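Chemist: So I've got this file, start.txt, and it contains compact mmCIF, C-alpha atoms:
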# COMPACT_ATOMS: atom_id res chain seq x y z
CA MET A 427 -5.40 5.08 16.45
CA ASP A 428 -1.90 4.26 17.65
CA TRP A 429 0.65 4.18 14.82
CA LYS A 430 1.73 0.64 15.73
CA VAL A 431 -1.83 -0.68 15.47
CA LEU A 432 -2.38 1.15 12.19
CA THR A 433 0.88 -0.15 10.75
CA PHE A 434 -0.05 -3.70 11.75
CA LEU A 435 -3.49 -3.44 10.12
CA VAL A 436 -2.13 -1.95 6.90
CA CYS A 437 0.57 -4.62 6.74
CA LEU A 438 -2.09 -7.28 7.33
CA TYR A 439 -3.98 -5.78 4.39
CA GLY A 440 -0.78 -6.00 2.33
CA PHE A 441 -0.28 -9.63 3.31
CA LEU A 442 -3.87 -10.64 2.52
CA LYS A 443 -3.99 -8.95 -0.87
CA GLU A 444 -0.76 -10.72 -1.89
CA TYR A 445 -1.79 -14.11 -0.51
CA ARG A 446 -2.96 -15.56 -3.83
CA PRO A 447 -1.82 -19.21 -4.11
CA SER A 448 -3.38 -19.57 -7.55
CA GLU A 449 -1.36 -16.85 -9.28
CA ALA A 450 1.66 -18.99 -10.12
CA TYR A 451 -0.63 -21.31 -12.09
CA LEU A 452 -2.71 -18.77 -14.00
CA SER A 453 -1.72 -19.90 -17.50
CA ASP A 454 -2.27 -23.56 -16.61
CA TYR A 455 -5.66 -22.69 -15.12
CA LEU A 456 -6.75 -20.75 -18.23
CA THR A 457 -5.61 -23.48 -20.62
CA GLY A 458 -6.95 -26.29 -18.41
CA PRO A 459 -10.43 -27.83 -18.30
CA TRP A 460 -11.83 -24.93 -16.28
CA LYS A 461 -11.54 -22.37 -19.12
CA ASN A 462 -10.40 -24.44 -22.14
CA LEU A 463 -8.44 -21.59 -23.74
CA THR A 464 -5.50 -22.18 -26.05
CA ILE A 465 -1.97 -21.00 -25.22
CA ASN A 466 -2.11 -18.64 -28.22
CA GLU A 467 -5.34 -17.05 -26.96
CA VAL A 468 -3.81 -16.54 -23.54
CA ASN A 469 -0.48 -15.29 -24.87
CA ASN A 470 -1.55 -13.06 -27.76
CA GLU A 471 -5.11 -11.97 -26.93
CA ILE A 472 -5.68 -12.01 -23.17
CA TYR A 473 -2.40 -11.13 -21.44
CA PRO A 474 -1.66 -8.04 -23.60
CA VAL A 475 -4.85 -6.41 -22.28
CA TRP A 476 -3.32 -6.06 -18.79
CA THR A 477 -0.53 -3.84 -20.14
CA TYR A 478 -2.96 -1.52 -21.93
CA ALA A 479 -5.33 -1.38 -18.95
CA TYR A 480 -2.53 -0.67 -16.47
CA LEU A 481 -1.31 2.25 -18.59
CA VAL A 482 -4.82 3.71 -18.94
CA TRP A 483 -5.60 3.38 -15.22
CA LEU A 484 -2.21 4.57 -13.91
CA VAL A 485 -2.42 8.37 -14.25
CA PRO A 486 -6.02 8.90 -13.04
CA VAL A 487 -5.52 6.47 -10.16
CA PHE A 488 -2.23 8.11 -9.18
CA LEU A 489 -3.86 11.56 -9.05
CA LEU A 490 -7.09 10.36 -7.42
CA THR A 491 -5.13 8.52 -4.74
CA ASP A 492 -3.78 11.83 -3.48
CA TYR A 493 -6.91 13.89 -4.22
CA LEU A 494 -9.22 11.47 -2.33
CA ARG A 495 -6.58 11.02 0.39
CA TYR A 496 -5.58 7.39 -0.04
CA GLN A 497 -8.14 5.24 1.83
CA PRO A 498 -10.86 5.24 -0.89
CA MET A 499 -8.32 3.93 -3.39
CA LEU A 500 -7.35 1.10 -1.04
CA ALA A 501 -11.01 0.12 -0.99
CA LEU A 502 -11.24 0.50 -4.78
CA GLY A 503 -8.26 -1.82 -5.11
CA GLY A 504 -10.12 -4.34 -2.95
CA VAL A 505 -13.18 -4.12 -5.21
CA ALA A 506 -10.97 -4.62 -8.26
CA TYR A 507 -9.39 -7.68 -6.65
CA ILE A 508 -12.80 -9.22 -5.92
CA THR A 509 -14.02 -8.49 -9.45
CA THR A 510 -10.88 -10.03 -10.95
CA TRP A 511 -11.22 -13.27 -9.04
CA SER A 512 -14.98 -13.42 -9.56
CA LEU A 513 -14.36 -13.37 -13.30
CA LEU A 514 -11.64 -15.99 -12.95
CA LEU A 515 -13.90 -18.30 -10.99
CA TRP A 516 -17.26 -17.95 -12.72
CA ALA A 517 -16.78 -16.39 -16.17
CA ARG A 518 -15.69 -18.15 -19.35
CA GLY A 519 -14.44 -17.16 -22.77
CA VAL A 520 -11.79 -14.86 -24.23
CA LEU A 521 -13.87 -11.68 -23.76
CA ALA A 522 -14.50 -12.41 -20.07
CA MET A 523 -10.82 -13.05 -19.46
CA LYS A 524 -9.96 -9.80 -21.22
CA CYS A 525 -12.28 -8.05 -18.77
CA MET A 526 -10.47 -9.86 -15.97
CA GLN A 527 -7.19 -8.39 -17.20
CA ILE A 528 -8.75 -4.91 -17.29
CA THR A 529 -9.78 -5.14 -13.64
CA PHE A 530 -6.38 -6.56 -12.71
CA GLY A 531 -4.81 -3.56 -14.44
CA LEU A 532 -6.79 -1.42 -11.99
CA VAL A 533 -5.47 -3.60 -9.16
CA SER A 534 -1.90 -2.91 -10.29
CA ALA A 535 -2.53 0.83 -10.58
CA THR A 536 -3.89 1.08 -7.02
CA GLU A 537 -0.69 -0.42 -5.56
CA VAL A 538 0.61 3.12 -5.05
CA ALA A 539 -2.14 3.75 -2.47
CA TYR A 540 -0.91 0.88 -0.30
CA TYR A 541 2.67 2.15 -0.16
CA ALA A 542 1.68 5.81 0.24
CA TYR A 543 -1.10 5.48 2.84
CA LEU A 544 1.09 5.09 5.93
CA PHE A 545 3.37 7.91 4.79
CA ALA A 546 0.34 10.20 4.89
CA MET A 547 -0.85 8.90 8.27
CA ILE A 548 2.35 8.58 10.30
CA SER A 549 5.04 11.11 11.23
CA SER A 550 8.15 11.32 9.06
CA ASP A 551 10.53 10.09 11.78
CA ARG A 552 9.03 6.59 11.33
CA TYR A 553 9.23 6.48 7.51
CA MET A 554 12.12 4.02 7.46
CA ILE A 555 10.32 1.59 9.76
CA ILE A 556 7.02 1.61 7.89
CA THR A 557 8.77 1.29 4.52
CA SER A 558 10.42 -1.89 5.75
CA PHE A 559 7.20 -3.25 7.25
CA THR A 560 4.98 -2.60 4.21
CA ARG A 561 7.51 -4.13 1.83
CA ALA A 562 8.07 -7.09 4.14
CA ALA A 563 4.31 -7.69 4.42
CA THR A 564 3.84 -7.98 0.65
CA LEU A 565 6.89 -10.21 0.23
CA ALA A 566 5.72 -12.41 3.11
CA GLY A 567 2.27 -12.67 1.53
CA ARG A 568 3.70 -13.68 -1.84
CA PHE A 569 6.12 -16.18 -0.33
CA ALA A 570 3.41 -17.77 1.82
CA ALA A 571 1.04 -17.92 -1.16
CA TYR A 572 3.62 -19.53 -3.46
CA LEU A 573 4.61 -22.05 -0.80
CA THR A 574 1.00 -22.92 0.00
CA GLY A 575 0.12 -23.29 -3.65
CA GLN A 576 3.08 -25.55 -4.37
CA LEU A 577 2.42 -27.83 -1.40
CA LEU A 578 -1.29 -28.16 -2.16
CA VAL A 579 -0.61 -28.96 -5.82
CA SER A 580 2.33 -31.27 -5.23
CA PHE A 581 0.40 -33.41 -2.75
CA ASN A 582 -2.75 -33.35 -4.91
CA LEU A 583 -4.77 -31.76 -2.13
CA MET A 584 -6.30 -29.07 -4.35
CA ASN A 585 -6.62 -28.21 -8.03
CA TYR A 586 -6.08 -24.81 -9.63
CA HIS A 587 -9.75 -23.85 -9.38
CA GLN A 588 -9.75 -24.49 -5.64
CA LEU A 589 -6.59 -22.41 -5.27
CA ASN A 590 -8.45 -19.54 -6.93
CA ILE A 591 -11.17 -19.86 -4.29
CA ILE A 592 -8.53 -19.36 -1.59
CA SER A 593 -7.24 -16.30 -3.45
CA PHE A 594 -10.80 -14.94 -3.71
CA VAL A 595 -11.35 -15.31 0.04
CA SER A 596 -8.02 -13.67 0.86
CA VAL A 597 -8.55 -10.58 -1.32
CA SER A 598 -12.14 -10.29 -0.01
CA LEU A 599 -10.79 -10.14 3.55
CA ALA A 600 -8.32 -7.48 2.44
CA PHE A 601 -11.19 -5.42 1.04
CA ILE A 602 -13.19 -5.69 4.27
CA LEU A 603 -10.12 -4.63 6.25
CA SER A 604 -9.59 -1.58 4.00
CA LEU A 605 -13.04 -0.27 4.96
CA THR A 606 -11.86 0.15 8.56
CA PHE A 607 -9.06 2.57 7.62
CA LYS A 608 -9.45 6.33 8.02
CA ARG A 609 -8.78 8.84 5.29
CA SER A 610 -5.70 11.01 5.59
CA GLN A 611 -6.27 14.55 6.86
CA HIS A 612 -4.16 16.10 4.11
CA SER A 613 -3.12 15.70 0.52
CA TYR A 614 0.48 15.76 -0.68
CA ILE A 615 -0.16 17.13 -4.18
CA PHE A 616 -3.61 18.75 -3.91
CA GLN A 617 -3.24 20.58 -0.61
CA THR A 618 -6.24 22.62 0.42
CA GLU A 619 -4.09 25.42 1.79
CA GLU A 620 -0.51 26.51 1.34
CA LYS A 621 1.86 25.48 4.07
CA HIS A 622 4.95 27.26 2.83
CA VAL A 623 5.36 30.81 1.55
CA ASN A 624 8.03 29.83 -0.97
CA LYS A 625 5.64 27.28 -2.50
CA GLN A 626 2.97 29.99 -2.93
CA ASP A 627 5.52 32.25 -4.64
CA PHE A 628 6.45 29.43 -6.98
CA VAL A 629 2.77 28.83 -7.78
CA GLU A 630 2.19 32.47 -8.67
CA ILE A 631 5.25 32.56 -10.95
CA GLU A 632 4.31 29.35 -12.76
CA LEU A 633 0.67 30.38 -13.15
CA ASN A 634 1.78 33.61 -14.77
CA LYS A 635 3.95 31.60 -17.17
CA ILE A 636 0.94 29.61 -18.38
CA GLY A 637 -1.28 32.67 -18.66
CA LEU A 638 -3.24 32.47 -15.40
CA SER A 639 -3.44 35.35 -12.94
CA THR A 640 -3.49 34.97 -9.19
CA SER A 641 -6.94 36.54 -9.03
CA GLU A 642 -8.22 33.98 -11.52
CA GLU A 643 -6.68 31.24 -9.42
CA ASN A 644 -8.50 32.42 -6.32
CA SER A 645 -11.88 32.71 -8.08
CA ASN A 646 -12.72 29.08 -7.63
CA ASP A 647 -11.56 26.85 -4.79
CA HIS A 648 -11.86 23.63 -6.76
CA LYS A 649 -9.93 25.02 -9.73
CA ASN A 650 -7.46 26.52 -7.30
CA THR A 651 -6.71 23.08 -5.85
CA LEU A 652 -6.31 21.45 -9.26
CA LYS A 653 -4.05 24.22 -10.59
CA ARG A 654 -1.91 24.09 -7.47
CA GLY A 655 -1.57 20.35 -7.86
CA PHE A 656 -0.58 20.72 -11.51
CA VAL A 657 2.06 23.34 -10.71
CA PHE A 658 3.37 21.30 -7.80
CA LEU A 659 3.84 18.27 -10.06
CA LEU A 660 5.68 20.47 -12.55
CA ARG A 661 8.03 21.68 -9.83
CA GLU A 662 8.64 18.13 -8.63
CA LEU A 663 9.58 17.02 -12.13
CA LYS A 664 12.04 19.89 -12.49
CA THR A 665 13.62 19.20 -9.10
CA LEU A 666 13.74 15.45 -9.54
CA TYR A 667 15.40 15.27 -12.93
CA SER A 668 17.91 18.06 -12.28
CA ASP A 669 20.00 15.47 -10.40
CA LYS A 670 22.02 13.56 -13.00
CA THR A 671 22.44 10.45 -10.84
CA VAL A 672 18.72 10.24 -10.21
CA LEU A 673 18.00 10.86 -13.90
CA ILE A 674 20.25 7.96 -14.95
CA TRP A 675 18.74 5.56 -12.43
CA CYS A 676 15.22 6.66 -13.39
CA CYS A 677 15.93 5.83 -17.04
CA PHE A 678 17.24 2.40 -16.05
CA TRP A 679 14.35 1.83 -13.68
CA ALA A 680 11.76 2.69 -16.33
CA PHE A 681 13.25 0.59 -19.14
CA ALA A 682 14.28 -2.31 -16.91
CA SER A 683 10.78 -2.39 -15.41
CA CYS A 684 9.35 -2.67 -18.90
CA GLY A 685 11.48 -5.72 -19.64
CA HIS A 686 10.80 -7.25 -16.23
CA LEU A 687 7.03 -6.83 -16.55
CA GLN A 688 7.03 -8.42 -20.00
CA VAL A 689 9.06 -11.42 -18.82
CA SER A 690 6.97 -11.85 -15.65
CA ASN A 691 3.72 -11.55 -17.60
CA TYR A 692 4.61 -14.27 -20.11
CA ILE A 693 6.97 -16.58 -18.22
CA GLN A 694 4.21 -19.05 -17.34
CA ASN A 695 3.41 -19.43 -21.04
CA LEU A 696 7.05 -20.28 -21.74
CA TRP A 697 7.06 -22.84 -18.94
CA GLU A 698 3.87 -24.35 -20.33
CA VAL A 699 5.51 -24.72 -23.77
CA ILE A 700 8.65 -26.31 -22.32
CA SER A 701 6.87 -28.59 -19.84
CA PRO A 702 3.04 -28.78 -20.15
CA ALA A 703 1.22 -29.20 -16.84
CA LYS A 704 -0.58 -32.31 -18.09
CA LYS A 705 2.73 -34.19 -18.22
CA GLY A 706 3.15 -34.09 -14.45
CA THR A 707 3.66 -31.87 -11.41
CA ILE A 708 4.98 -28.40 -12.14
CA TYR A 709 6.92 -26.23 -9.69
CA ASN A 710 5.99 -22.73 -10.76
CA ALA A 711 5.03 -21.62 -7.25
CA ALA A 712 8.20 -23.04 -5.69
CA VAL A 713 10.30 -21.13 -8.23
CA GLU A 714 8.40 -17.91 -7.53
CA ALA A 715 8.88 -18.44 -3.77
CA PHE A 716 12.60 -19.04 -4.26
CA GLY A 717 12.81 -16.02 -6.54
CA THR A 718 11.23 -13.86 -3.85
CA ILE A 719 13.94 -14.84 -1.36
CA ILE A 720 16.71 -14.31 -3.92
CA SER A 721 15.30 -10.87 -4.75
CA VAL A 722 15.34 -9.82 -1.10
CA LEU A 723 18.92 -11.02 -0.67
CA SER A 724 20.04 -9.23 -3.84
CA VAL A 725 18.54 -5.96 -2.64
CA LEU A 726 20.33 -6.28 0.71
CA LEU A 727 23.64 -7.19 -0.95
CA PHE A 728 23.42 -4.42 -3.50
CA GLY A 729 22.45 -1.88 -0.87
CA PHE A 730 25.55 -2.57 1.24
CA LEU A 731 28.09 -2.52 -1.60
CA PRO A 732 30.75 0.12 -0.76
CA THR A 733 30.33 1.88 -4.11
CA ASN A 734 30.25 5.59 -4.86
CA TRP A 735 27.43 5.70 -7.45
CA SER A 736 28.06 9.38 -8.18
CA ARG A 737 31.47 8.66 -9.75
CA PRO A 738 31.42 9.22 -13.52
CA GLY A 739 30.59 6.05 -15.44
CA ILE A 740 29.96 3.77 -12.42
CA SER A 741 26.17 3.75 -12.58
CA GLU A 742 26.11 3.48 -16.37
CA THR A 743 28.61 0.62 -16.42
CA THR A 744 26.70 -1.30 -13.74
CA MET A 745 23.47 -0.98 -15.69
CA ALA A 746 25.15 -2.06 -18.92
CA ILE A 747 26.56 -5.18 -17.21
CA VAL A 748 23.12 -6.06 -15.81
CA CYS A 749 21.55 -5.65 -19.26
CA PHE A 750 24.18 -7.78 -21.00
CA PHE A 751 23.75 -10.49 -18.38
CA ASN A 752 20.01 -10.44 -19.03
CA ILE A 753 20.62 -10.96 -22.75
CA VAL A 754 22.35 -14.27 -22.04
CA VAL A 755 19.72 -15.30 -19.48
CA LEU A 756 16.73 -14.60 -21.73
CA ILE A 757 18.21 -16.22 -24.83
CA ILE A 758 19.04 -19.38 -22.88
CA MET A 759 15.51 -19.43 -21.47
CA ALA A 760 14.03 -18.98 -24.95
CA GLN A 761 16.04 -21.85 -26.43
CA SER A 762 15.98 -24.23 -23.47
CA THR A 763 14.15 -27.54 -23.54
CA SER A 764 14.78 -28.13 -19.82
CA ILE A 765 12.26 -26.65 -17.42
CA TRP A 766 14.85 -26.69 -14.62
CA VAL A 767 17.30 -24.61 -16.64
CA CYS A 768 14.51 -22.15 -17.36
CA TYR A 769 13.54 -22.05 -13.68
CA ALA A 770 17.13 -21.33 -12.63
CA PHE A 771 17.74 -18.53 -15.12
CA TYR A 772 14.38 -16.93 -14.35
CA SER A 773 15.41 -16.70 -10.68
CA ALA A 774 18.68 -15.05 -11.75
CA PHE A 775 16.77 -12.60 -13.92
CA ARG A 776 14.50 -11.61 -11.05
CA ALA A 777 17.51 -10.95 -8.80
CA THR A 778 19.18 -8.57 -11.28
CA TYR A 779 16.01 -6.53 -11.71
CA HIS A 780 16.03 -5.41 -8.08
CA THR A 781 19.38 -3.64 -8.44
CA GLN A 782 17.30 -0.67 -9.60
CA LEU A 783 16.17 -0.10 -6.00
CA GLN A 784 19.53 1.59 -5.48
CA ILE A 785 17.78 4.75 -6.66
CA ALA A 786 16.06 5.03 -3.28
CA LYS A 787 19.29 6.28 -1.71
CA SER A 788 19.14 9.42 -3.86
CA LEU A 789 15.54 10.38 -3.12
CA THR A 790 13.63 11.96 -0.31
CA LYS A 791 10.94 9.77 1.18
CA GLN A 792 8.16 12.08 -0.07
CA ARG A 793 9.38 11.93 -3.66
CA TYR A 794 9.72 8.17 -3.71
CA GLY A 795 6.06 7.57 -4.54
CA PHE A 796 6.11 10.30 -7.16
CA VAL A 797 9.16 8.75 -8.84
CA ILE A 798 7.47 5.35 -8.89
CA GLY A 799 4.47 6.86 -10.64
CA VAL A 800 6.46 8.75 -13.27
CA ASN A 801 8.81 5.87 -14.00
CA MET A 802 5.99 3.35 -14.19
CA PHE A 803 4.15 5.54 -16.69
CA ILE A 804 7.25 5.67 -18.90
CA SER A 805 7.77 1.94 -18.45
CA LEU A 806 4.19 1.07 -19.36
CA SER A 807 4.29 3.36 -22.39
CA VAL A 808 7.32 1.49 -23.74
CA GLU A 809 5.80 -1.85 -22.75
CA THR A 810 2.59 -1.00 -24.59
CA LEU A 811 4.58 -0.28 -27.75
CA LEU A 812 6.49 -3.55 -27.33
CA THR A 813 3.31 -5.53 -26.69
CA VAL A 814 1.43 -4.08 -29.66
CA THR A 815 4.38 -4.69 -31.97
CA VAL A 816 5.55 -8.13 -30.85
CA VAL A 817 2.85 -9.93 -28.86
CA ASP A 818 -0.58 -8.67 -29.79
CA LYS A 819 -2.67 -10.42 -32.42
CA ALA A 820 -2.83 -7.11 -34.28
CA GLY A 821 0.97 -6.95 -34.47
CA LEU A 822 3.61 -9.55 -35.30
CA HIS A 823 1.80 -12.12 -33.14
CA VAL A 824 4.98 -14.12 -32.46
CA ASP A 825 5.17 -17.30 -30.40
CA VAL A 826 6.39 -17.19 -26.81
CA ARG A 827 9.93 -18.48 -27.51
CA THR A 828 10.45 -15.76 -30.11
CA GLN A 829 9.08 -13.22 -27.63
CA PHE A 830 11.86 -14.03 -25.18
CA MET A 831 14.46 -13.70 -27.93
CA VAL A 832 13.06 -10.23 -28.62
CA TYR A 833 13.22 -9.36 -24.92
CA GLY A 834 16.89 -10.38 -24.95
CA GLY A 835 17.46 -8.02 -27.87
CA TYR A 836 15.59 -5.29 -26.00
CA PHE A 837 18.01 -5.52 -23.08
CA GLY A 838 20.87 -5.58 -25.58
CA VAL A 839 19.83 -2.20 -26.97
CA ILE A 840 19.50 -0.73 -23.49
CA GLY A 841 22.90 -2.18 -22.50
CA CYS A 842 24.61 -0.62 -25.54
CA VAL A 843 23.07 2.78 -24.77
CA PHE A 844 24.26 2.73 -21.17
CA LEU A 845 27.70 1.43 -22.14
CA ALA A 846 28.07 4.34 -24.56
CA ALA A 847 26.90 6.68 -21.80
CA ALA A 848 29.54 5.21 -19.47
CA PHE A 849 32.34 5.83 -21.98
CA TYR A 850 31.09 9.36 -22.54
CA ALA A 851 30.94 10.08 -18.79
CA VAL A 852 34.49 8.84 -18.26
CA TYR A 853 35.75 10.76 -21.31
CA LYS A 854 34.03 13.96 -20.20
CA ASN A 855 35.42 13.61 -16.69
CA GLY A 856 38.91 13.05 -18.08
CA CYS A 857 38.67 16.18 -20.21
CA SER A 858 37.49 18.21 -17.23
CA TYR A 859 40.40 16.88 -15.16
CA LYS A 860 42.91 17.93 -17.85
CA VAL A 861 41.41 21.42 -18.09
CA ASN A 862 41.62 21.85 -14.32
CA ARG A 863 45.24 20.66 -14.27
CA THR A 864 46.14 23.07 -17.08
CA ALA A 865 44.49 25.96 -15.25
CA GLU A 866 46.55 25.21 -12.16
Take the structure I supplied and represent it as structure tokens, if you would.
Modeler:
Amino acid sequence: MDWKVLTFLVCLYGFLKEYRPSEAYLSDYLTGPWKNLTINEVNNEIYPVWTYAYLVWLVPVFLLTDYLRYQPMLALGGVAYITTWSLLLWARGVLAMKCMQITFGLVSATEVAYYAYLFAMISSDRYMIITSFTRAATLAGRFAAYLTGQLLVSFNLMNYHQLNIISFVSVSLAFILSLTFKRSQHSYIFQTEEKHVNKQDFVEIELNKIGLSTSEENSNDHKNTLKRGFVFLLRELKTLYSDKTVLIWCCFWAFASCGHLQVSNYIQNLWEVISPAKKGTIYNAAVEAFGTIISVLSVLLFGFLPTNWSRPGISETTMAIVCFFNIVVLIIMAQSTSIWVCYAFYSAFRATYHTQLQIAKSLTKQRYGFVIGVNMFISLSVETLLTVTVVDKAGLHVDVRTQFMVYGGYFGVIGCVFLAAAFYAVYKNGCSYKVNRTAE
């Protein structure tokens, strides 16, 4: 299949899976007459399950995506989408909605297959093009879905249940399309044969370190593949985090993602508290559509800033400023009684989050997916701890306004850490400069 046709089909899949007009109204749908759940049940019992499920699914899905060579996991993601929306449409009760969050956690975990599939199928000289296309397809799908949902709701053409039917049809079409894709001919992590001599040498050395001989490795092809994959991941971790700039951005990415996911997961509940849907038309989808545009513009602006991110203290200071800005934004949102103020500051929050994409400049294209997986695992681990402690019924079980105050404090802690790191980097660089001058 020609690479242009394949790229178009995969991007169409990305558009369809993101075209879910109902998503901006999930909390209102669950607390409305269709499910009759309370805001506390949604906030403290149902939504936390997604975080736990995502964390549990992430590692096996990440490894299986490469081991099964991508296409089967795209299809699995389609099945998970259909299951999620089937539960939303036809199941009732807290337990059923918890199951819905479990399947949506699987949906989230299989996202890596979508972004990695074309990299495995198309030559490396087209990586930049396909990266732009796949990202644009998902953003276009979300924007179109939010816009459609807002127009249909605002003009009273459809209710939230009917919007979920549209979402169900769209993700079902995405699943059908995924069945037409071919599997990749090779695996990135679990390669069936060595392509480079230096990689084989590295494997033998590392296997000896963990008590495995080369003869033992060759005794079983299946074990051989798994061991080689394990050692390859170990080497990637060592290589990746030996770069200080990448390490700093990875830390910010992981912890900022945690905060972003928490805010995104519970923002509809805050909007519902400030301005209940039963009081009139709400504009959740319009805000999400606007936020999508703002996010794209912020990425473009940030990417073209003439800044040398390798200079001591620059990266750390930038991250600290972003975190301190988020403190103000989240506290205002938590205390606001105006839905429009909350809408505006949420859009600002979304824009700042995407500054983390600056990390892409420091990575090879092959390692980008690996970094996403590692950072997301760290992020979800921290988010799980935060959810269990603050949100979950088994923990503090706080209300949604207090949650957002806590999230503001969370970014405050991160900001202080990175500010201290910035001062240390500048101080250390100054000392090194003085030593060099003295030596001269």
Chemist: When you look at region 704-716 of chain A with a cut-off of 9 Å (counting all atoms listed in the file), what residues show up, excluding the ones that are within fewer than 2 positions of it in the same chain? I need them as a PyMOL selection string.
Modeler: chain A and resi 447-451+458+568-577+579-580+694+697+701-702+718-721+769-770+772-773
Chemist: Draw an axis-aligned box over all listed atoms of region 479-494 of chain A, pad each side with 3 Å, and write its centre and edge lengths in Å, one decimal, as lines of an AutoDock Vina configuration file.
Modeler:
center_x = -5.3
center_y = 6.3
center_z = -10.6
size_x = 13.9
size_y = 21.3
size_z = 22.6
Chemist: One decimal, Å: what's the distance from CA of Tyr496 (chain A) over to CA of Lys608 (chain A), could you say?
Modeler: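 Between CA of Tyr496 (chain A) and CA of Lys608 (chain A) the gap is 9.0 Å.
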Chemist: Between CA of Val468 (chain A) and CA of Thr828 (chain A), what distance in Å does the model show, to one decimal?
Modeler: 15.7 Å
Chemist: So that I can check the surroundings of Phe488 (chain A), please list as a PDB file with C-alpha atoms, in the frame of the given file every protein, DNA and RNA residue that reaches within 12 Å of it, counting all atoms listed in the file and ignoring chain neighbours fewer than 4 positions away.
Modeler:
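selection-v3.pdb, freshly written:
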ATOM      1  CA  TYR A 480      -2.530  -0.670 -16.470  1.00  0.00           C
ATOM      2  CA  LEU A 481      -1.310   2.250 -18.590  1.00  0.00           C
ATOM      3  CA  VAL A 482      -4.820   3.710 -18.940  1.00  0.00           C
ATOM      4  CA  TRP A 483      -5.600   3.380 -15.220  1.00  0.00           C
ATOM      5  CA  LEU A 484      -2.210   4.570 -13.910  1.00  0.00           C
ATOM      6  CA  ASP A 492      -3.780  11.830  -3.480  1.00  0.00           C
ATOM      7  CA  TYR A 493      -6.910  13.890  -4.220  1.00  0.00           C
ATOM      8  CA  LEU A 494      -9.220  11.470  -2.330  1.00  0.00           C
ATOM      9  CA  ARG A 495      -6.580  11.020   0.390  1.00  0.00           C
ATOM     10  CA  TYR A 496      -5.580   7.390  -0.040  1.00  0.00           C
ATOM     11  CA  MET A 499      -8.320   3.930  -3.390  1.00  0.00           C
ATOM     12  CA  LEU A 500      -7.350   1.100  -1.040  1.00  0.00           C
ATOM     13  CA  LEU A 532      -6.790  -1.420 -11.990  1.00  0.00           C
ATOM     14  CA  SER A 534      -1.900  -2.910 -10.290  1.00  0.00           C
ATOM     15  CA  ALA A 535      -2.530   0.830 -10.580  1.00  0.00           C
ATOM     16  CA  THR A 536      -3.890   1.080  -7.020  1.00  0.00           C
ATOM     17  CA  GLU A 537      -0.690  -0.420  -5.560  1.00  0.00           C
ATOM     18  CA  VAL A 538       0.610   3.120  -5.050  1.00  0.00           C
ATOM     19  CA  ALA A 539      -2.140   3.750  -2.470  1.00  0.00           C
ATOM     20  CA  TYR A 540      -0.910   0.880  -0.300  1.00  0.00           C
ATOM     21  CA  TYR A 541       2.670   2.150  -0.160  1.00  0.00           C
ATOM     22  CA  ALA A 542       1.680   5.810   0.240  1.00  0.00           C
ATOM     23  CA  TYR A 614       0.480  15.760  -0.680  1.00  0.00           C
ATOM     24  CA  ILE A 615      -0.160  17.130  -4.180  1.00  0.00           C
ATOM     25  CA  PHE A 616      -3.610  18.750  -3.910  1.00  0.00           C
ATOM     26  CA  LEU A 659       3.840  18.270 -10.060  1.00  0.00           C
ATOM     27  CA  GLY A 795       6.060   7.570  -4.540  1.00  0.00           C
ATOM     28  CA  PHE A 796       6.110  10.300  -7.160  1.00  0.00           C
ATOM     29  CA  VAL A 797       9.160   8.750  -8.840  1.00  0.00           C
ATOM     30  CA  ILE A 798       7.470   5.350  -8.890  1.00  0.00           C
ATOM     31  CA  GLY A 799       4.470   6.860 -10.640  1.00  0.00           C
ATOM     32  CA  VAL A 800       6.460   8.750 -13.270  1.00  0.00           C
ATOM     33  CA  MET A 802       5.990   3.350 -14.190  1.00  0.00           C
ATOM     34  CA  PHE A 803       4.150   5.540 -16.690  1.00  0.00           C
TER      35      PHE A 803
END
Chemist: Of the candidates A:Ala847, A:Leu452, A:Cys677, A:Ile528, which shows the shortest atom-to-atom distance to Asn695 (chain A), using all atoms listed in the file?
Modeler: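 That would be A:Leu452, the residue with the smallest distance to Asn695 (chain A).
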Chemist: Determine, counting only C-alpha atoms, which protein, DNA and RNA residues have an atom within 8 Å of an atom of region 559-567 of chain A; residues of the same chain fewer than 3 positions away are not included. Present the result as a ChimeraX atom specification.
Modeler: /A:433,436-438,440-445,541,555-556,570-571,718
Chemist: Now that the selection is made, can you save its residues with C-alpha atoms as a short mmCIF file (atom, residue, chain, number, x, y, z; two decimals), in the coordinates of the input?
Modeler:
data_model
loop_
_atom_site.label_atom_id
_atom_site.label_comp_id
_atom_site.auth_asym_id
_atom_site.auth_seq_id
_atom_site.Cartn_x
_atom_site.Cartn_y
_atom_site.Cartn_z
CA THR A 433 0.88 -0.15 10.75
CA VAL A 436 -2.13 -1.95 6.90
CA CYS A 437 0.57 -4.62 6.74
CA LEU A 438 -2.09 -7.28 7.33
CA GLY A 440 -0.78 -6.00 2.33
CA PHE A 441 -0.28 -9.63 3.31
CA LEU A 442 -3.87 -10.64 2.52
CA LYS A 443 -3.99 -8.95 -0.87
CA GLU A 444 -0.76 -10.72 -1.89
CA TYR A 445 -1.79 -14.11 -0.51
CA TYR A 541 2.67 2.15 -0.16
CA ILE A 555 10.32 1.59 9.76
CA ILE A 556 7.02 1.61 7.89
CA ALA A 570 3.41 -17.77 1.82
CA ALA A 571 1.04 -17.92 -1.16
CA THR A 718 11.23 -13.86 -3.85
#
Chemist: Mind giving me the straight-line distance from CA of Ser690 (chain A) to CA of Asn469 (chain A) in Å, one decimal?
Modeler: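 Atom-to-atom, CA of Ser690 (chain A) and CA of Asn469 (chain A) are spaced 12.3 Å apart.
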